[in-house]
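This report refers to the structure that appears directly beneath it.
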Amino acid sequence: MAASSKQTDPNKPAFSKRRALFLGKDSDSIIKTFFGSNAMVAIVILALITIFLFKEGAGFMGLYHKSLEEYRLSGLEYVDILKEKREDYTELTRYLNDVKSDWINELKASGSSQAEISKAIFNPEAKALFLGYMRAGSDLKKFVKTKMDVAIEIRDQHTTNENLRETVENYTQRIAEIQSTSYTFSKEDRAKYTLLLRDHSRDNSLPSEEAQRFLKEADSITPEKALDQADRETFAMLLGLEAEKIEATIKPVDFNTTIKGVIDEQARYAEILDALEVSLTEVVATADAVQFNSPAIEERIATFKELNQKFFSNIDAHKAKLANWDQSAPVSIFQAASAFLTGKDWVTASDQQDWYGLMPLLSGSLLISAIALVFAIPFGVGAAIYVNQIAGPAERNFIKPYVEFISAIPSVVIGFFGVVVFGEFIRWFSQLDGFQWVPFFPIQERLNAFTAGCLLALMAIPTIFTLAEDAINNIPRHFKEASLAMGATPLQTTMRVIVPTALSGIISAIMLGFGRVIGETMVVLLCAGNRIKIPDFTEGPGVFFEPVHTMTGIIAQEMGEVVQGSLHYRALFMVGIVLFFISLIINYTAQWVVKRFSKLGD
Amino acid sequence: MAQTSTPITTSENSQPPIIEIRNFDFAYGDSQALFDINMDIKEKEVTAFIGPSGCGKSTFLRCFNRMNDLIDIARIKGGEIKISGVNIYDKDIDVIELRKHVGMVFQKSNPFPKSIYDNIAYGLRIQGVKKKSTLDDVVEECLRGAALWDEVKDRLNESALGMSGGQQQRLCIARALAVRPKILLMDEPCSALDPIATAKVEELIHELKKDYTIVIVTHNMQQAARVSDRTAFFYLGKLIEFENTDDIFMNPKNPQTEAYISGRFG
Ligand SMILES: Nc1ncnc2c1ncn2[C@@H]1O[C@H](COP(=O)(O)OP(=O)(O)OP(=O)(O)O)[C@@H](O)[C@H]1O
Ligand SMILES: [Mg+2]
């Protein structure tokens with residue numbers, strides 16, 4: 001049609017009218033619209049994801065703040081301080097038991113018979129030490145337990161009350177709905193109404209003709225019967241009665257009075273501690289009389305004595321801490337934020353207090369990423385340099401697709417391999433006799449940060465390799481020629497010209513590899529060991545072999561079982577937000593590096 | 001082809017040639033690019049290669065420092081190139097040393113994305129020279145040699161990529177001088193430069209002639225006439241004529257040469 005119109009007007013030149021293909025648009029603007037709308041969709045979806053993430057995470061701070069407030073008001077915080085001393089004592093008991101089993105092992109190793117061992121262990125002095133130490137703390141344990149129970153009960157009652165209040169609130173809303181004129185009885189409401197009428201008719205306080213009336217009314221209700229204004233009134237009245245009944249079960253908790261049950265008996269607690277000190281000193285003294293006949297064990301006993309001394313000397317500080325504890329001290333929202341961001345515990349579904357601390361997850365994620373990058377960077381970048389600069393065409397054609405193929409392996413398969421093959425192998429390796437000089441061998445857990453890190457390295461290598469190879473490939477050929485023409489060796493050319501010039505690209509490849517690693521879920525879930533605890537960095541290199549949990553892993557693991565809208569649910573979203581920001585920063589840094597340092601002239 | 005035809009040479013000075021090319025055949029894979037070239041290039045002279053696009057000038061030039069080794073399919077099919085009497089395609093030739101001896105400047109200026117100073121010092125550093133004072137001296141000497149010193153002496157530590165195109169090309173020449181070559185190969189060094197920058201480079205070539213043997217490829221007939229002592233005309237991979245520059249431009253012997261020079265060329 002466009003063509004014919006052109007011909008009909010021979011006076012106008014050919015460019016006087018654009019050719020329209022569809023809805024009055026020419027091909028250029030159709031293409032533009034198509035790609036433009038695609039880009040738009042991508043942006044909108046990204047925005048929706050972000051909004052969703054923030055919307056779900058948003059309530060977290062408020063809820064967590066409230067939870068921490070209750071933790072303080074109910075006295076659970078006080079109990080946790082009490083528990084510190086008990087934990088210290090339990091720790092010492094454990095240490096002593098360790099010494100005992102070491103001692104037994106040593107006796108066995110020296111060729112003592114079972115009878116001899118029993119004699120040594122159960123001689124009166126040894127018994128007084130080992131058993132006596134364990135028994136000395138029973139008062140302390142009992143005391144702490146009682147206080148803990150009191151606090152837990154207060155907290156539980158408070159939580160129950162809150163739930164009941166919410167229910168009553170729901171009733172009130174419902175009643176308001178029913179009273180409005182626009183309301184019609186639904187099928188469920190009919191059933192509920194009938195039920196309430198029957199129940200009410202059985203109420204003994206009612207005059208019998210009243211009760212009869214209710215019963216008749218109940219019987220008269222059929223699915224077809226029209227229900228009028230009076231029915232609505234009755235229904236609302238009955239629901240109101242029910243709500244009142246529920247409200248009556250609320251036993252209000254006054255934290256100011258209930259706290260007394262937790263923090264009283266401080267004098268008695270002091271007495272218990274004093275008595276403990278006396279009896280422990282006595283018990284520990286008996287150690288001198290025990291014949292260990294082993295310098296190693298005696299040394300450990302000496303350490304044990306020192307630890308005990310420390311335990312006693314800390315008691316005053318402990319008492320002061322208890323005395324200074326203040327139930328009415330306000331909990332600020334910043335405290336809630338820092339309890340999340342810097343919190344060292346992630347404890348859920350606890351009967352006392354749930355903790356949502358990011359640190360164990362963040363440190364686990366970072367530790368695994370660090371391990372992964374330590375392996376992936378040299379392999380990925382090295383392979384990229386090799387393939388691009390050194391390898392011949394045959395090698396290149398073999399290595400490149402092969403490395404890139406790795407990224408096509410589903411992560412669950414890699415994780416599976418990690419659990420079944422690699423983890424086993426590492427443990428077997430660490431148990432070989434020839435390697436026992438390595439300080440942290442043999443390792444305890446087959447699934448640990450190292451296992452996960454190695455497998456993640458495998459996943460990061462293709463990313464780093466491909467991007468770094470691209471970066472090197474983009475270096476104009478004439479840089480290489482200029483260098484070689486001056487008598488530089490190929491190696492010098494690579495190290496002094498190619499790599500420095502491609503550095504920004506290589507760094508951004510590494511950053512994106514890091515992004516890949518920190519966002520990976522399946523492998524860490526399967527192979528990292530999933531222990532929620534900050535890795536013990538004081539252990540030196542042994543820290544790499546500790547099981548850890550990760551931010552991605554925890555979301556995948558716990559999201560399925562949380563109640564929507566609960567504190568726990570929101571906490572997982574907060575972890576997601578942190579992850580989101582980390583990825584954002586990584587990507588931004590990668591782009592910034594490229595922009596900042598890649599001013600290649602041509 | 002095996003018979004040694006007498007080299008085309010312009011022989012009035014008697015000193016031995018620094019580059020001797022004998023019966024040289026060269027191919028990229030199956031397609032032969034150079035056919036039976038014979039030529040003598042004299043020391044401390046400027047030799048210009050001219051000829052239509054695709055006739056093999058760059059290919060030939062890159063044979064002198066064996067840059068063609070980088071191309072997988074490149075093959076020497078016969079003949080030899082001797083520099084100072086040594087066949088550079090011998091088995092036990094050290095290519096690295098050869099390239100220090102025969103420097104090269106490319107068509108496209110290609111300074112490294114480093115500072116001006118580091119660009120010049122590069123050639124020495126790869127030879128293991130670390131002493132700052134030596135490097136300083138050489139950098140100054142080379143920049144003076146390339147007539148660039150006065151323009152850049154205050155910004156030696158700035159990126160070389162911030163220089164103008166002409167300055168960059170002279171920097172590349174200075175960089176090539178830093179390894180103290182005997183021979184300097186230039187492949188269309190002025191093709192991307194404006195007339196003023198071109199004039200500067202030509203002036204520089206004139207200066208460098210005192211100390212270096214220069215082989216230059218150019219498409220610019222006037223340039224060849226201005227800077228070179230001798231000119232070689234190539235056509236379809238063959239050396240057609242090689243004469244004193246004056247002779248070739250005033251009085252070409254070969255009709256093809258004449259056609260090319262006078263611009264009557266298809
Ligand atoms: N790397 C290569 N691989 C295969 N063939 C090549 C290669 N480089 C050049 N050739 C071929 O060799 C022939 C000579 O090319 P060369 O670059 O030497 O020409 P030239 O005279 O320098 O041309 P110009 O004046 O355009 O630079 C051409 O036919 C070209 O197609
Ligand atoms: Mg060329």
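Identifiers in the structure tokens: chain A, B, ... in order shown; residue index from 1 per chain; ligand index from 1 in order shown.
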
Residue hits in chain B, query chain A, radius 10 Å, only C-alpha atoms, as an MDAnalysis selection string: chainID B and resid 62 65:67 70 72 94:114 122:127 160:162 172 175:181

Contacts of ligand 1, 7 Å or closer, only C-alpha atoms and all ligand atoms, given as a list in words: Tyr28, Ala33, Gly51, Pro52, Ser53, Gly54, Cys55, Gly56, Lys57, Ser58, Thr59, Phe60, Ile71, Ile73 and His219 of chain B

For those residues, write all heavy atoms to a file as a CSV table (one decimal), in the first residue's frame.
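Everything below was put into again00.csv:
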```csv
chain,number,residue,atom,x,y,z
B,28,TYR,N,52.0,-17.8,2.8
B,28,TYR,CA,51.0,-18.0,3.9
B,28,TYR,C,50.2,-19.2,3.5
B,28,TYR,O,49.4,-19.2,2.6
B,28,TYR,CB,50.0,-16.8,4.0
B,28,TYR,CG,50.7,-15.5,4.5
B,28,TYR,CD1,50.8,-14.5,3.7
B,28,TYR,CD2,51.1,-15.4,5.8
B,28,TYR,CE1,51.4,-13.3,4.1
B,28,TYR,CE2,51.7,-14.3,6.3
B,28,TYR,CZ,51.8,-13.2,5.5
B,28,TYR,OH,52.4,-12.0,5.9
B,33,ALA,N,53.3,-15.5,-1.1
B,33,ALA,CA,53.2,-14.0,-1.0
B,33,ALA,C,54.4,-13.3,-1.6
B,33,ALA,O,54.3,-12.2,-2.0
B,33,ALA,CB,53.0,-13.6,0.5
B,51,GLY,N,54.7,0.1,-3.4
B,51,GLY,CA,54.0,-0.8,-4.2
B,51,GLY,C,52.5,-0.8,-3.8
B,51,GLY,O,52.2,-0.3,-2.8
B,52,PRO,N,51.7,-1.3,-4.7
B,52,PRO,CA,50.2,-1.3,-4.4
B,52,PRO,C,49.9,-2.2,-3.2
B,52,PRO,O,50.7,-3.0,-2.8
B,52,PRO,CB,49.6,-1.8,-5.7
B,52,PRO,CG,50.7,-2.6,-6.3
B,52,PRO,CD,52.0,-1.9,-6.0
B,53,SER,N,48.7,-1.9,-2.6
B,53,SER,CA,48.3,-2.6,-1.4
B,53,SER,C,48.3,-4.1,-1.7
B,53,SER,O,47.8,-4.6,-2.8
B,53,SER,CB,46.9,-2.1,-1.0
B,53,SER,OG,46.6,-2.6,0.2
B,54,GLY,N,48.8,-4.9,-0.8
B,54,GLY,CA,48.7,-6.4,-0.9
B,54,GLY,C,49.8,-7.0,-1.7
B,54,GLY,O,49.8,-8.2,-1.9
B,55,CYS,N,50.8,-6.2,-2.0
B,55,CYS,CA,51.9,-6.7,-2.9
B,55,CYS,C,53.0,-7.4,-2.0
B,55,CYS,O,53.9,-8.0,-2.6
B,55,CYS,CB,52.5,-5.6,-3.7
B,55,CYS,SG,53.4,-4.4,-2.7
B,56,GLY,N,52.9,-7.3,-0.7
B,56,GLY,CA,53.8,-8.1,0.1
B,56,GLY,C,54.9,-7.2,0.8
B,56,GLY,O,55.8,-7.8,1.4
B,57,LYS,N,54.7,-5.9,0.9
B,57,LYS,CA,55.8,-5.1,1.5
B,57,LYS,C,55.9,-5.4,3.0
B,57,LYS,O,57.0,-5.6,3.5
B,57,LYS,CB,55.4,-3.6,1.3
B,57,LYS,CG,55.2,-3.2,-0.1
B,57,LYS,CD,54.8,-1.7,-0.2
B,57,LYS,CE,53.5,-1.4,0.5
B,57,LYS,NZ,52.3,-1.9,-0.2
B,58,SER,N,54.8,-5.4,3.7
B,58,SER,CA,54.8,-5.6,5.1
B,58,SER,C,55.3,-7.0,5.4
B,58,SER,O,56.1,-7.3,6.3
B,58,SER,CB,53.4,-5.5,5.7
B,58,SER,OG,52.9,-4.2,5.5
B,59,THR,N,54.8,-8.0,4.6
B,59,THR,CA,55.3,-9.4,4.8
B,59,THR,C,56.8,-9.4,4.7
B,59,THR,O,57.4,-10.1,5.5
B,59,THR,CB,54.6,-10.2,3.7
B,59,THR,OG1,53.2,-10.1,3.7
B,59,THR,CG2,55.0,-11.7,3.8
B,60,PHE,N,57.3,-8.8,3.7
B,60,PHE,CA,58.8,-8.8,3.5
B,60,PHE,C,59.5,-8.2,4.6
B,60,PHE,O,60.5,-8.7,5.2
B,60,PHE,CB,59.1,-8.1,2.1
B,60,PHE,CG,60.5,-8.3,1.7
B,60,PHE,CD1,61.1,-9.6,1.8
B,60,PHE,CD2,61.2,-7.3,1.1
B,60,PHE,CE1,62.4,-9.7,1.4
B,60,PHE,CE2,62.5,-7.5,0.7
B,60,PHE,CZ,63.1,-8.7,0.8
B,71,ILE,N,52.9,-16.0,13.1
B,71,ILE,CA,51.8,-16.5,12.3
B,71,ILE,C,52.0,-18.0,12.0
B,71,ILE,O,53.0,-18.4,11.4
B,71,ILE,CB,51.7,-15.7,11.0
B,71,ILE,CG1,51.4,-14.2,11.3
B,71,ILE,CG2,50.6,-16.2,10.1
B,71,ILE,CD1,51.6,-13.2,10.2
B,73,ILE,N,50.7,-20.1,10.0
B,73,ILE,CA,50.7,-20.6,8.6
B,73,ILE,C,51.9,-20.1,7.8
B,73,ILE,O,52.0,-20.5,6.6
B,73,ILE,CB,49.4,-20.4,7.9
B,73,ILE,CG1,49.0,-18.9,7.9
B,73,ILE,CG2,48.3,-21.2,8.5
B,73,ILE,CD1,47.9,-18.6,7.0
B,219,HIS,N,53.3,4.3,1.5
B,219,HIS,CA,52.4,4.5,0.3
B,219,HIS,C,52.5,5.8,-0.3
B,219,HIS,O,51.9,6.1,-1.3
B,219,HIS,CB,50.9,4.3,0.8
B,219,HIS,CG,50.5,2.9,0.8
B,219,HIS,ND1,50.1,2.2,-0.4
B,219,HIS,CD2,50.4,1.9,1.8
B,219,HIS,CE1,49.8,1.0,-0.1
B,219,HIS,NE2,50.0,0.8,1.2
```

Atom CA of B:Leu185 to atom CA of B:Ile93, straight-line distance in Å: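 A separation of 19.2 Å between them.
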
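You can rank B:Pro195, B:Gly165, B:Phe49, B:Ser84 by their closest distance to ligand 2 using only C-alpha atoms and all ligand atoms, and at the top of that list sits B:Phe49.
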
Residues near B:Ile240, cut-off 8 Å, only C-alpha atoms, skip fewer than 4 positions along chain, as a PyMOL selection string: chain B and resi 232-235+254+256-257

Can you spit out the residues from that selection as a short mmCIF file (atom, residue, chain, number, x, y, z; two decimals), in the first residue's frame, using all heavy atoms?
```cif
data_model
loop_
_atom_site.label_atom_id
_atom_site.label_comp_id
_atom_site.auth_asym_id
_atom_site.auth_seq_id
_atom_site.Cartn_x
_atom_site.Cartn_y
_atom_site.Cartn_z
N ALA B 232 62.58 0.48 -3.50
CA ALA B 232 62.27 -0.80 -4.14
C ALA B 232 60.79 -0.81 -4.47
O ALA B 232 59.95 -0.45 -3.63
CB ALA B 232 62.59 -1.95 -3.21
N PHE B 233 60.46 -1.20 -5.68
CA PHE B 233 59.06 -1.28 -6.09
C PHE B 233 58.63 -2.74 -6.17
O PHE B 233 59.27 -3.55 -6.84
CB PHE B 233 58.86 -0.58 -7.44
CG PHE B 233 57.48 -0.77 -7.98
CD1 PHE B 233 56.36 -0.29 -7.31
CD2 PHE B 233 57.29 -1.47 -9.17
CE1 PHE B 233 55.09 -0.48 -7.82
CE2 PHE B 233 56.01 -1.67 -9.68
CZ PHE B 233 54.91 -1.17 -9.00
N PHE B 234 57.58 -3.07 -5.44
CA PHE B 234 57.07 -4.44 -5.43
C PHE B 234 55.73 -4.49 -6.14
O PHE B 234 54.94 -3.55 -6.10
CB PHE B 234 56.86 -4.93 -3.99
CG PHE B 234 58.12 -5.14 -3.24
CD1 PHE B 234 58.74 -4.08 -2.60
CD2 PHE B 234 58.70 -6.40 -3.16
CE1 PHE B 234 59.92 -4.28 -1.89
CE2 PHE B 234 59.87 -6.60 -2.45
CZ PHE B 234 60.48 -5.53 -1.81
N TYR B 235 55.50 -5.62 -6.79
CA TYR B 235 54.20 -5.80 -7.43
C TYR B 235 53.85 -7.28 -7.40
O TYR B 235 54.65 -8.11 -7.84
CB TYR B 235 54.24 -5.27 -8.87
CG TYR B 235 52.90 -5.34 -9.56
CD1 TYR B 235 51.76 -4.76 -8.98
CD2 TYR B 235 52.76 -6.00 -10.77
CE1 TYR B 235 50.54 -4.83 -9.60
CE2 TYR B 235 51.53 -6.08 -11.40
CZ TYR B 235 50.42 -5.49 -10.80
OH TYR B 235 49.19 -5.57 -11.39
N ASN B 254 61.44 0.15 -15.59
CA ASN B 254 60.36 -0.81 -15.84
C ASN B 254 59.05 -0.07 -16.09
O ASN B 254 58.70 0.85 -15.36
CB ASN B 254 60.24 -1.72 -14.62
CG ASN B 254 59.34 -2.89 -14.89
OD1 ASN B 254 58.17 -2.69 -15.20
ND2 ASN B 254 59.89 -4.09 -14.79
N GLN B 256 56.05 -0.98 -15.53
CA GLN B 256 55.12 -1.11 -14.39
C GLN B 256 55.46 -0.08 -13.33
O GLN B 256 54.58 0.56 -12.76
CB GLN B 256 55.23 -2.52 -13.78
CG GLN B 256 54.44 -3.54 -14.57
CD GLN B 256 54.69 -4.94 -14.06
OE1 GLN B 256 55.81 -5.27 -13.65
NE2 GLN B 256 53.67 -5.76 -14.12
N THR B 257 56.74 0.07 -13.07
CA THR B 257 57.17 1.06 -12.09
C THR B 257 56.70 2.44 -12.52
O THR B 257 56.14 3.20 -11.72
CB THR B 257 58.70 1.06 -11.97
OG1 THR B 257 59.16 -0.28 -11.95
CG2 THR B 257 59.14 1.80 -10.74
#
```

Selection near B:Gln15, 12 Å with only C-alpha atoms, sequence-local residues under 3 positions removed, as number ranges by chain: B: 11-12, 18-19, 40-44, 84

Polymer residues at most 7 Å from stretch 582-587 of chain A, only C-alpha atoms, same-chain spacing of 5 or more positions, as a list in words: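 Near stretch 582-587 of chain A, the qualifying residues are Met511, Leu512 and Gly515 of chain A.
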
Nearest candidate to ligand 2 (options B:Glu188, B:Phe35, B:Gln169, B:Lys130; using only C-alpha atoms and all ligand atoms): B:Glu188

Secondary structure check, alpha helix (DSSP H) residues of stretch 162-359 of chain A, as an MDAnalysis selection string: chainID A and resid 162:179 187:201 208:220 229:248 255:263 266:286 295:313 315:324 333:341 359

Neighbour list for A:Trp355 as a count of residues only, cut-off 7 Å, only C-alpha atoms, skip fewer than 2 positions in-chain: 6

For stretch 403-417 of chain A: contacts at 12 Å, only C-alpha atoms, fewer than 2 positions along chain excluded, given as a VMD selection string: chain A and resid 379 to 380 383 to 384 387 396 to 401 419 to 425 447 451 to 467 469 513 516 to 517 519 to 529

Nearest residue to A:Val381 from the set A:Ala20, A:Val575, A:Ser508, A:Leu307 (distances using only C-alpha atoms): A:Ser508

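Distances from B:Pro255, B:Ala121, B:Ile248, B:Ile216 to ligand 2 were compared using only C-alpha atoms and all ligand atoms, and the smallest one belongs to B:Ile216.
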